[in-house]
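Trainee: Coordinates in data_16.csv, CSV, C-alpha atoms, are listed below.
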chain,number,residue,atom,x,y,z
A,6,MET,CA,-27.5,-15.9,17.6
A,7,GLN,CA,-30.6,-17.9,18.7
A,8,GLN,CA,-32.6,-16.2,15.9
A,9,VAL,CA,-30.0,-17.3,13.3
A,10,GLN,CA,-30.0,-20.9,14.5
A,11,THR,CA,-33.8,-20.9,14.4
A,12,VAL,CA,-33.8,-19.8,10.7
A,13,GLU,CA,-31.1,-22.3,9.9
A,14,THR,CA,-33.0,-25.2,11.3
A,15,ALA,CA,-36.5,-24.1,10.2
A,16,LYS,CA,-36.3,-26.3,7.1
A,17,PRO,CA,-36.4,-30.2,7.3
A,18,LEU,CA,-33.0,-31.9,7.2
A,19,TRP,CA,-33.6,-33.4,3.8
A,20,LYS,CA,-34.4,-30.0,2.4
A,21,ARG,CA,-31.3,-28.5,3.9
A,22,ILE,CA,-29.2,-31.2,2.3
A,23,TRP,CA,-31.0,-30.9,-1.1
A,24,ASP,CA,-30.5,-27.1,-1.1
A,25,PHE,CA,-26.8,-27.3,-0.1
A,26,PRO,CA,-24.8,-25.5,-2.8
A,27,LEU,CA,-22.5,-28.5,-3.7
A,28,ILE,CA,-25.4,-30.9,-3.8
A,29,ALA,CA,-27.3,-28.5,-6.1
A,30,MET,CA,-24.2,-28.2,-8.3
A,31,ILE,CA,-23.8,-32.0,-8.6
A,32,VAL,CA,-27.5,-32.4,-9.6
A,33,GLY,CA,-27.1,-29.6,-12.1
A,34,ILE,CA,-24.0,-31.2,-13.6
A,35,VAL,CA,-25.8,-34.6,-13.9
A,36,LEU,CA,-28.7,-32.9,-15.6
A,37,TRP,CA,-26.4,-31.1,-18.0
A,38,TYR,CA,-24.6,-34.3,-19.0
A,39,LEU,CA,-28.0,-36.1,-19.3
A,40,ALA,CA,-29.2,-33.4,-21.7
A,41,ILE,CA,-26.0,-33.7,-23.8
A,42,GLY,CA,-26.4,-37.5,-23.9
A,43,ILE,CA,-30.1,-37.3,-24.9
A,44,ALA,CA,-29.2,-34.8,-27.7
A,45,GLY,CA,-26.5,-37.1,-29.0
A,46,SER,CA,-28.6,-40.2,-28.8
A,47,ILE,CA,-31.6,-38.6,-30.6
A,48,VAL,CA,-29.3,-37.3,-33.4
A,49,ILE,CA,-27.5,-40.6,-33.8
A,50,PHE,CA,-30.4,-43.0,-33.7
A,51,ALA,CA,-33.4,-40.9,-34.8
A,52,GLY,CA,-32.0,-37.6,-36.1
A,53,PRO,CA,-33.3,-36.4,-39.5
A,54,ARG,CA,-31.0,-36.0,-42.4
A,55,ILE,CA,-30.6,-32.3,-42.9
A,56,PRO,CA,-28.6,-31.3,-46.0
A,57,GLY,CA,-25.4,-29.4,-45.1
A,58,PHE,CA,-25.6,-30.3,-41.4
A,59,SER,CA,-22.9,-32.5,-39.9
A,60,LEU,CA,-23.4,-34.7,-36.9
A,61,ALA,CA,-21.7,-32.2,-34.6
A,62,MET,CA,-23.9,-29.4,-35.9
A,63,LYS,CA,-27.1,-31.3,-35.2
A,64,VAL,CA,-25.9,-32.5,-31.8
A,65,TYR,CA,-25.0,-28.9,-30.7
A,66,LEU,CA,-28.2,-27.4,-32.0
A,67,LEU,CA,-30.4,-30.0,-30.3
A,68,ALA,CA,-28.3,-29.8,-27.1
A,69,VAL,CA,-29.0,-26.0,-26.9
A,70,LEU,CA,-32.7,-26.5,-27.5
A,71,ILE,CA,-32.8,-29.0,-24.7
A,72,LEU,CA,-30.5,-27.3,-22.2
A,73,VAL,CA,-31.9,-23.8,-22.2
A,74,PRO,CA,-35.4,-24.8,-21.1
A,75,LEU,CA,-34.0,-27.4,-18.8
A,76,TYR,CA,-31.9,-24.8,-17.1
A,77,ILE,CA,-34.7,-22.2,-16.9
A,78,PHE,CA,-37.3,-24.6,-15.5
A,79,VAL,CA,-35.3,-27.1,-13.5
A,80,ILE,CA,-31.6,-26.2,-12.8
A,81,ALA,CA,-32.2,-22.6,-12.0
A,82,ARG,CA,-34.7,-23.7,-9.3
A,83,LEU,CA,-32.1,-25.8,-7.5
A,84,GLY,CA,-30.5,-24.7,-4.3
A,85,ASP,CA,-31.3,-21.8,-2.1
A,86,PRO,CA,-31.7,-19.0,-3.1
A,87,LYS,CA,-33.1,-19.8,-6.5
A,88,ARG,CA,-31.7,-17.8,-9.4
A,89,ASN,CA,-32.1,-17.8,-13.2
A,90,ASP,CA,-28.9,-16.4,-14.8
A,91,PHE,CA,-30.7,-15.8,-18.1
A,92,ARG,CA,-33.0,-13.3,-16.4
A,93,ASP,CA,-31.2,-10.0,-17.0
A,94,GLN,CA,-32.9,-6.6,-17.7
A,95,GLN,CA,-29.9,-5.6,-19.7
A,96,TRP,CA,-29.4,-8.9,-21.5
A,97,LEU,CA,-29.2,-7.4,-25.0
A,98,ARG,CA,-26.6,-4.8,-23.9
A,99,HIS,CA,-24.5,-7.4,-22.1
A,100,LEU,CA,-24.7,-9.8,-25.1
A,101,LEU,CA,-23.7,-7.1,-27.6
A,102,LEU,CA,-20.9,-5.9,-25.3
A,103,GLY,CA,-19.6,-9.5,-25.1
A,104,LEU,CA,-19.8,-9.9,-28.9
A,105,VAL,CA,-17.9,-6.7,-29.5
A,106,GLY,CA,-15.4,-7.3,-26.7
A,107,GLY,CA,-14.6,-10.9,-27.8
A,108,THR,CA,-14.1,-9.7,-31.4
A,109,VAL,CA,-11.9,-6.7,-30.4
A,110,ILE,CA,-9.7,-8.7,-28.0
A,111,PHE,CA,-8.9,-11.5,-30.4
A,112,SER,CA,-8.4,-9.0,-33.2
A,113,ILE,CA,-5.8,-7.2,-31.1
A,114,ALA,CA,-4.1,-10.6,-30.5
A,115,VAL,CA,-4.1,-11.2,-34.3
A,116,ALA,CA,-2.7,-7.7,-35.0
A,117,VAL,CA,0.1,-8.3,-32.6
A,118,ALA,CA,0.8,-11.7,-34.1
A,119,GLY,CA,0.9,-10.1,-37.5
A,120,ALA,CA,3.2,-7.4,-36.4
A,121,LEU,CA,5.6,-10.0,-35.0
A,122,GLY,CA,5.4,-12.0,-38.3
A,123,VAL,CA,3.9,-15.2,-36.9
A,124,TYR,CA,0.5,-14.6,-38.6
A,125,ARG,CA,0.0,-13.8,-42.2
A,126,VAL,CA,-2.8,-13.8,-44.7
A,127,VAL,CA,-1.9,-15.9,-47.8
A,128,GLY,CA,-5.1,-15.9,-49.8
A,129,VAL,CA,-8.8,-15.5,-49.9
A,130,GLY,CA,-11.0,-17.9,-47.9
A,131,SER,CA,-14.6,-18.9,-48.3
A,132,LEU,CA,-17.9,-18.7,-46.5
A,133,ASN,CA,-18.6,-22.4,-47.0
A,134,GLY,CA,-18.2,-23.1,-43.3
A,135,LEU,CA,-20.1,-20.1,-42.0
A,136,LEU,CA,-23.2,-22.1,-40.9
A,137,ALA,CA,-21.1,-24.7,-39.2
A,138,ALA,CA,-19.0,-22.0,-37.5
A,139,LEU,CA,-22.2,-20.3,-36.2
A,140,ILE,CA,-23.7,-23.5,-34.8
A,141,VAL,CA,-20.8,-25.4,-33.3
A,142,PRO,CA,-18.1,-23.2,-31.9
A,143,THR,CA,-20.1,-20.0,-31.7
A,144,ILE,CA,-23.7,-20.6,-30.5
A,145,GLY,CA,-23.3,-24.3,-29.4
A,146,ALA,CA,-20.1,-24.1,-27.4
A,147,ALA,CA,-20.9,-20.6,-26.0
A,148,VAL,CA,-24.3,-21.7,-24.6
A,149,THR,CA,-23.5,-25.2,-23.5
A,150,GLU,CA,-20.1,-24.5,-21.9
A,151,GLU,CA,-21.2,-21.3,-20.2
A,152,LEU,CA,-24.3,-23.0,-18.7
A,153,LEU,CA,-22.0,-25.7,-17.3
A,154,PHE,CA,-18.9,-23.7,-16.1
A,155,ARG,CA,-20.6,-20.5,-15.1
A,156,GLY,CA,-24.3,-21.1,-14.7
A,157,ILE,CA,-23.8,-24.3,-12.7
A,158,CYS,CA,-20.3,-24.8,-11.4
A,159,PHE,CA,-19.2,-21.1,-10.8
A,160,ARG,CA,-22.6,-20.2,-9.2
A,161,TRP,CA,-22.7,-22.9,-6.6
A,162,ILE,CA,-19.0,-23.1,-5.8
A,163,GLU,CA,-19.2,-19.4,-5.2
A,164,GLN,CA,-22.2,-19.8,-3.0
A,165,PHE,CA,-20.3,-22.3,-1.0
A,166,GLY,CA,-16.7,-21.2,-1.0
A,167,GLY,CA,-16.8,-17.6,-2.3
A,168,SER,CA,-15.8,-15.9,-5.5
A,169,TRP,CA,-12.1,-16.6,-5.4
A,170,LEU,CA,-12.5,-20.3,-5.0
A,171,ALA,CA,-15.1,-20.4,-7.8
A,172,LEU,CA,-12.9,-18.4,-10.1
A,173,ILE,CA,-9.8,-20.6,-9.4
A,174,VAL,CA,-11.7,-24.0,-9.7
A,175,THR,CA,-13.8,-23.2,-12.7
A,176,SER,CA,-10.8,-21.7,-14.6
A,177,ALA,CA,-8.7,-24.7,-13.9
A,178,PHE,CA,-11.4,-27.1,-15.0
A,179,PHE,CA,-12.2,-25.0,-18.1
A,180,GLY,CA,-8.6,-25.2,-19.1
A,181,ALA,CA,-8.4,-29.0,-18.4
A,182,ALA,CA,-11.5,-29.6,-20.4
A,183,HIS,CA,-9.7,-28.5,-23.5
A,184,LEU,CA,-7.0,-31.2,-23.1
A,185,LYS,CA,-9.1,-33.5,-25.2
A,186,ASN,CA,-8.9,-31.2,-28.2
A,187,PRO,CA,-6.6,-31.8,-31.1
A,188,GLY,CA,-3.1,-30.5,-30.5
A,189,ALA,CA,-3.8,-29.8,-26.8
A,190,THR,CA,-0.9,-29.5,-24.4
A,191,TRP,CA,-0.7,-28.5,-20.7
A,192,ILE,CA,0.6,-25.2,-21.9
A,193,ALA,CA,-2.5,-24.7,-24.0
A,194,ALA,CA,-4.8,-25.8,-21.1
A,195,THR,CA,-3.0,-23.4,-18.7
A,196,GLY,CA,-3.4,-20.6,-21.2
A,197,ILE,CA,-7.1,-21.3,-21.6
A,198,ALA,CA,-7.5,-21.3,-17.9
A,199,PHE,CA,-5.9,-17.9,-17.5
A,200,GLU,CA,-7.2,-16.1,-20.6
A,201,ALA,CA,-10.7,-17.6,-20.9
A,202,GLY,CA,-11.4,-19.0,-17.5
A,203,VAL,CA,-10.6,-15.7,-15.7
A,204,MET,CA,-12.2,-13.5,-18.4
A,205,LEU,CA,-15.5,-15.5,-18.6
A,206,GLY,CA,-15.7,-16.0,-14.8
A,207,ALA,CA,-15.1,-12.3,-14.2
A,208,ALA,CA,-17.7,-11.4,-16.8
A,209,TYR,CA,-20.2,-13.5,-14.9
A,210,MET,CA,-19.3,-11.9,-11.6
A,211,LEU,CA,-19.6,-8.5,-13.0
A,212,THR,CA,-23.1,-8.9,-14.5
A,213,ARG,CA,-24.5,-11.8,-12.5
A,214,SER,CA,-25.9,-13.2,-15.7
A,215,LEU,CA,-24.8,-15.5,-18.6
A,216,TRP,CA,-25.2,-13.0,-21.4
A,217,LEU,CA,-21.9,-11.2,-21.2
A,218,PRO,CA,-19.8,-14.4,-20.9
A,219,MET,CA,-21.8,-16.1,-23.7
A,220,GLY,CA,-21.2,-13.1,-25.9
A,221,LEU,CA,-17.5,-13.1,-25.2
A,222,HIS,CA,-17.2,-16.8,-25.7
A,223,ALA,CA,-19.1,-16.8,-29.0
A,224,ALA,CA,-17.3,-13.9,-30.5
A,225,TRP,CA,-13.9,-15.2,-29.4
A,226,ASN,CA,-14.5,-18.5,-31.2
A,227,PHE,CA,-16.1,-17.1,-34.3
A,228,THR,CA,-13.5,-14.3,-34.7
A,229,GLN,CA,-10.5,-16.6,-34.5
A,230,GLY,CA,-11.9,-19.3,-36.7
A,231,GLU,CA,-14.3,-17.9,-39.3
A,232,ILE,CA,-12.7,-14.5,-39.7
A,233,TYR,CA,-9.0,-15.1,-39.2
A,234,ASP,CA,-8.8,-18.8,-40.3
A,235,ILE,CA,-7.1,-19.8,-37.0
A,236,PRO,CA,-7.8,-23.2,-35.4
A,237,VAL,CA,-10.4,-23.0,-32.7
A,238,SER,CA,-9.0,-24.8,-29.7
A,239,GLY,CA,-7.1,-27.2,-32.0
A,240,THR,CA,-10.0,-27.7,-34.5
A,241,ARG,CA,-9.2,-26.6,-38.0
A,242,VAL,CA,-11.8,-24.3,-39.7
A,243,ASP,CA,-12.3,-22.5,-43.0
A,244,GLY,CA,-12.1,-18.8,-42.5
A,245,MET,CA,-13.0,-15.8,-44.7
A,246,VAL,CA,-9.3,-15.5,-45.4
A,247,GLU,CA,-6.6,-18.1,-45.9
A,248,ALA,CA,-4.0,-17.6,-43.2
A,249,GLN,CA,-0.9,-19.3,-41.8
A,250,LEU,CA,0.7,-19.3,-38.3
A,251,SER,CA,4.5,-19.9,-38.4
A,252,GLY,CA,7.2,-19.2,-35.9
A,253,PRO,CA,8.1,-20.2,-32.3
A,254,PRO,CA,5.5,-22.4,-30.7
A,255,LEU,CA,5.3,-20.0,-27.8
A,256,LEU,CA,3.9,-17.4,-30.2
A,257,THR,CA,1.9,-19.6,-32.6
A,258,GLY,CA,0.2,-21.9,-30.1
A,259,ASN,CA,2.0,-25.0,-31.6
A,260,GLY,CA,-1.0,-26.2,-33.7
A,261,PHE,CA,-3.7,-25.6,-31.0
A,262,GLY,CA,-4.3,-22.0,-32.3
A,263,LEU,CA,-3.4,-18.5,-31.3
A,264,GLU,CA,-5.3,-18.8,-28.1
A,265,ALA,CA,-2.6,-21.1,-26.8
A,266,SER,CA,0.1,-18.5,-27.6
A,267,LEU,CA,1.8,-16.1,-25.2
A,268,ILE,CA,0.3,-13.2,-27.3
A,269,ALA,CA,-3.4,-14.1,-26.7
A,270,ILE,CA,-2.8,-15.3,-23.1
A,271,VAL,CA,-1.3,-12.0,-22.1
A,272,ILE,CA,-3.8,-9.8,-23.9
A,273,ALA,CA,-6.9,-11.7,-22.9
A,274,SER,CA,-5.7,-12.2,-19.3
A,275,LEU,CA,-5.2,-8.5,-18.9
A,276,PHE,CA,-8.8,-7.9,-20.2
A,277,GLY,CA,-10.0,-10.6,-17.8
A,278,PHE,CA,-8.3,-9.1,-14.8
A,279,TRP,CA,-9.7,-5.7,-15.7
A,280,LEU,CA,-13.2,-7.2,-15.7
A,281,LEU,CA,-12.4,-8.8,-12.3
A,282,TRP,CA,-11.3,-5.5,-11.0
A,283,LEU,CA,-14.5,-3.9,-12.1
A,284,ALA,CA,-16.5,-6.7,-10.4
A,285,ILE,CA,-14.7,-6.2,-7.1
A,286,LYS,CA,-15.0,-2.5,-7.4
A,287,ARG,CA,-18.8,-2.8,-7.8
A,288,GLY,CA,-19.1,-5.0,-4.8
A,289,GLN,CA,-19.6,-8.3,-6.6
A,290,LEU,CA,-17.1,-10.3,-4.6
A,291,VAL,CA,-18.9,-13.0,-2.6
A,292,GLN,CA,-17.4,-14.3,0.7
A,293,PRO,CA,-17.5,-18.0,1.6
A,294,MET,CA,-20.6,-19.4,3.2
A,295,TRP,CA,-19.0,-19.8,6.6
A,296,VAL,CA,-17.9,-16.1,6.6
A,297,ARG,CA,-21.3,-14.9,5.6
A,298,ARG,CA,-22.9,-17.0,8.4
A,299,ARG,CA,-20.5,-15.7,11.0
A,300,ARG,CA,-21.2,-12.1,10.0
A,301,LEU,CA,-24.9,-12.7,10.1
A,302,ALA,CA,-24.6,-14.3,13.5
A,303,ALA,CA,-22.5,-11.4,14.8
A,304,ALA,CA,-25.1,-8.9,13.4
A,305,ALA,CA,-27.9,-10.8,15.0
How does the structure come out when it is put into structure tokens?

Mentor:
Amino acid sequence: MQQVQTVETAKPLWKRIWDFPLIAMIVGIVLWYLAIGIAGSIVIFAGPRIPGFSLAMKVYLLAVLILVPLYIFVIARLGDPKRNDFRDQQWLRHLLLGLVGGTVIFSIAVAVAGALGVYRVVGVGSLNGLLAALIVPTIGAAVTEELLFRGICFRWIEQFGGSWLALIVTSAFFGAAHLKNPGATWIAATGIAFEAGVMLGAAYMLTRSLWLPMGLHAAWNFTQGEIYDIPVSGTRVDGMVEAQLSGPPLLTGNGFGLEASLIAIVIASLFGFWLLWLAIKRGQLVQPMWVRRRRLAAAA
């Protein structure tokens, strides 16, 4: 016990406060918002005019270019222990699995919706929005949101309060963050929390890197919007086909998109709970800080 206390008090008080998980998380969140604000300000006040690039496309692209090095060289070095969630020897495998998994899971949801008669293809779409779909909801949202919700919030909430608390809190906030989207309701936000929050949080727990959740997130957005012509979290897009959702709001998402429907919620949540089961089975469940310290003290 005396050895544990000696290790705990070896660092100066200011360093212990600075390295405390929730303090590191707050600093990381502030830096994330600062990067987003800088990207937006540069694009609005000094951004070049790029033919075919909307304001949102330029902001997301610049935000990714700022956030990734900021995370690697600054945010990843906050707290104790330091950890870079981009550093993954199997990053390509995890990214590809995420891309395939996100595509398959949403395709299953669309197939079920088609079988139930609430989704149908009515014409041929276009590829005019392909670049915008790749930059904004695919690369932009996947990188920026996963850095915030998994790379910053999940990581340090888990270090403080354990995996269960991190999964519950980040899933709830991830769902609530979508309330500002067009057509959003509390049902849609709850659905996002269960299907996406649990799935992406469990993917992060399973691999301890950002590549699998980023792949799932990117493919989920791209598949529903650009391939199946379904609104992405309430935002209308032009897909490769022209499609319609019609029927009971519980099955169509009521304008928010199929991801707010009972169909996608059930299918994606089952997949997310399977990933969570795998993570627990492989010993990736982290206990709260006070439990870990108590066990360390007992062992000492």

Trainee: Could you give me, as a PDB file with C-alpha atoms, in the frame of the given file, the residues within 12 Å of Gly128 of chain A, counting all atoms listed in the file and dropping anything in the same chain fewer than 3 positions from it?

Mentor:
ATOM      1  CA  ARG A 125       0.000 -13.800 -42.200  1.00  0.00           C
ATOM      2  CA  SER A 131     -14.600 -18.900 -48.300  1.00  0.00           C
ATOM      3  CA  TYR A 233      -9.000 -15.100 -39.200  1.00  0.00           C
ATOM      4  CA  ASP A 234      -8.800 -18.800 -40.300  1.00  0.00           C
ATOM      5  CA  ASP A 243     -12.300 -22.500 -43.000  1.00  0.00           C
ATOM      6  CA  GLY A 244     -12.100 -18.800 -42.500  1.00  0.00           C
ATOM      7  CA  MET A 245     -13.000 -15.800 -44.700  1.00  0.00           C
ATOM      8  CA  VAL A 246      -9.300 -15.500 -45.400  1.00  0.00           C
ATOM      9  CA  GLU A 247      -6.600 -18.100 -45.900  1.00  0.00           C
ATOM     10  CA  ALA A 248      -4.000 -17.600 -43.200  1.00  0.00           C
ATOM     11  CA  GLN A 249      -0.900 -19.300 -41.800  1.00  0.00           C
TER      12      GLN A 249
END

Trainee: For each of A:Pro142, A:Gly119, A:Gly166, A:Gly130, take the minimum atom-to-atom distance to Phe25 of chain A, counting all atoms listed in the file, then give the residue where this is smallest.

Mentor: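 Going through A:Pro142, A:Gly119, A:Gly166, A:Gly130 one by one, the smallest distance to Phe25 of chain A is for A:Gly166.
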
Trainee: Could you produce a table of the residues of segment 143-213 of chain A lying within 7 Å of segment 252-271 of chain A, with the nearest pair of atoms per residue and their separation in Å rounded to one decimal, using all atoms listed in the file, ordered by chain and increasing residue number, as a tab-separated table?

Mentor:
residue	atom	partner	partner_atom	distance
A:Pro187	CA	A:Phe261	CA	6.8
A:Gly188	CA	A:Phe261	CA	5.0
A:Ala189	CA	A:Phe261	CA	5.9
A:Ala193	CA	A:Ala265	CA	4.6
A:Gly196	CA	A:Ile270	CA	5.7
A:Ile197	CA	A:Ala265	CA	6.9
A:Phe199	CA	A:Ile270	CA	6.9
A:Glu200	CA	A:Ile270	CA	5.1

Trainee: Pick the closest to Ser168 of chain A from A:Leu153, A:Pro293, A:Val35, A:Lys87: which is it, counting only C-alpha atoms?

Mentor: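 Result for the nearest residue to Ser168 of chain A: A:Pro293.
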
Trainee: Could you work out how far atom CA of Ser176 of chain A lies from atom CA of Phe154 of chain A, giving the answer in Å with one decimal?

Mentor: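 Between atom CA of Phe154 of chain A and atom CA of Ser176 of chain A the gap works out to 8.5 Å.
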
Trainee: Can you work out which one of A:Ser59, A:Ser46, A:Gln164, A:Ser274 has the shortest atom-to-atom distance to Arg298 of chain A, counting all atoms listed in the file?

Mentor: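 Result for the nearest residue to Arg298 of chain A: A:Gln164.
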
Trainee: Contacts of segment 219-227 of chain A at 7 Å or less, counting all atoms listed in the file, minus same-chain residues fewer than 6 places along, as a PyMOL selection string?

Mentor: chain A and resi 100-101+103-104+106-108+111+138+142-144+147-148+151+237

Trainee: I'd like to know which of A:Gly202, A:Gly84, A:Gly145, A:Gly134 is closest to Phe58 of chain A, using only C-alpha atoms.

Mentor: A:Gly134

Trainee: Given the choices A:Met210, A:Ile272, A:Ile157, A:Ala146, which gets closest to Ser238 of chain A if the distance is worked out from all atoms listed in the file?

Mentor: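 Distance minimum relative to Ser238 of chain A lands on A:Ala146.
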
Trainee: I'd like the contact shell of Leu205 of chain A - 7 Å cut-off, all atoms listed in the file, skipping same-chain residues fewer than 4 positions apart - returned as a PyMOL selection string.

Mentor: chain A and resi 201+209+218

Trainee: Between atom CA of Glu163 of chain A and atom CA of Arg299 of chain A, what is the distance, to one decimal in Å?

Mentor: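 Distance between the two atoms: 16.7 Å.
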
Trainee: Between atom CA of Trp161 of chain A and atom CA of Gln94 of chain A, what is the distance, to one decimal in Å?

Mentor: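 Atom-to-atom, atom CA of Trp161 of chain A and atom CA of Gln94 of chain A are spaced 22.2 Å apart.
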
Trainee: Please identify all polymer residues within 12 Å of Val32 of chain A, counting all atoms listed in the file, omitting same-chain residues fewer than 3 positions from it, and present them as a count of residues only.

Mentor: 23

Trainee: Determine, counting only C-alpha atoms, which protein, DNA and RNA residues have an atom within 7 Å of an atom of segment 62-70 of chain A; residues of the same chain fewer than 3 positions away are not included. Present the result as a ChimeraX atom specification.

Mentor: /A:40-41,44-45,48,58-59,73,137,140-141,145,148-149

Trainee: Draw an axis-aligned box tight on the listed atoms of segment 227-231 of chain A, then pad every side by 4 Å and write out centre and edge lengths in Å to one decimal as lines of an AutoDock Vina configuration file.

Mentor:
center_x = -13.3
center_y = -16.8
center_z = -36.8
size_x = 13.6
size_y = 13.0
size_z = 13.0

Trainee: Counting all atoms listed in the file, which residue out of A:Leu250, A:Val203, A:Leu217, A:Ala198 sits closest to Arg98 of chain A?

Mentor: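 Among A:Leu250, A:Val203, A:Leu217, A:Ala198, it is A:Leu217 that comes nearest to Arg98 of chain A.
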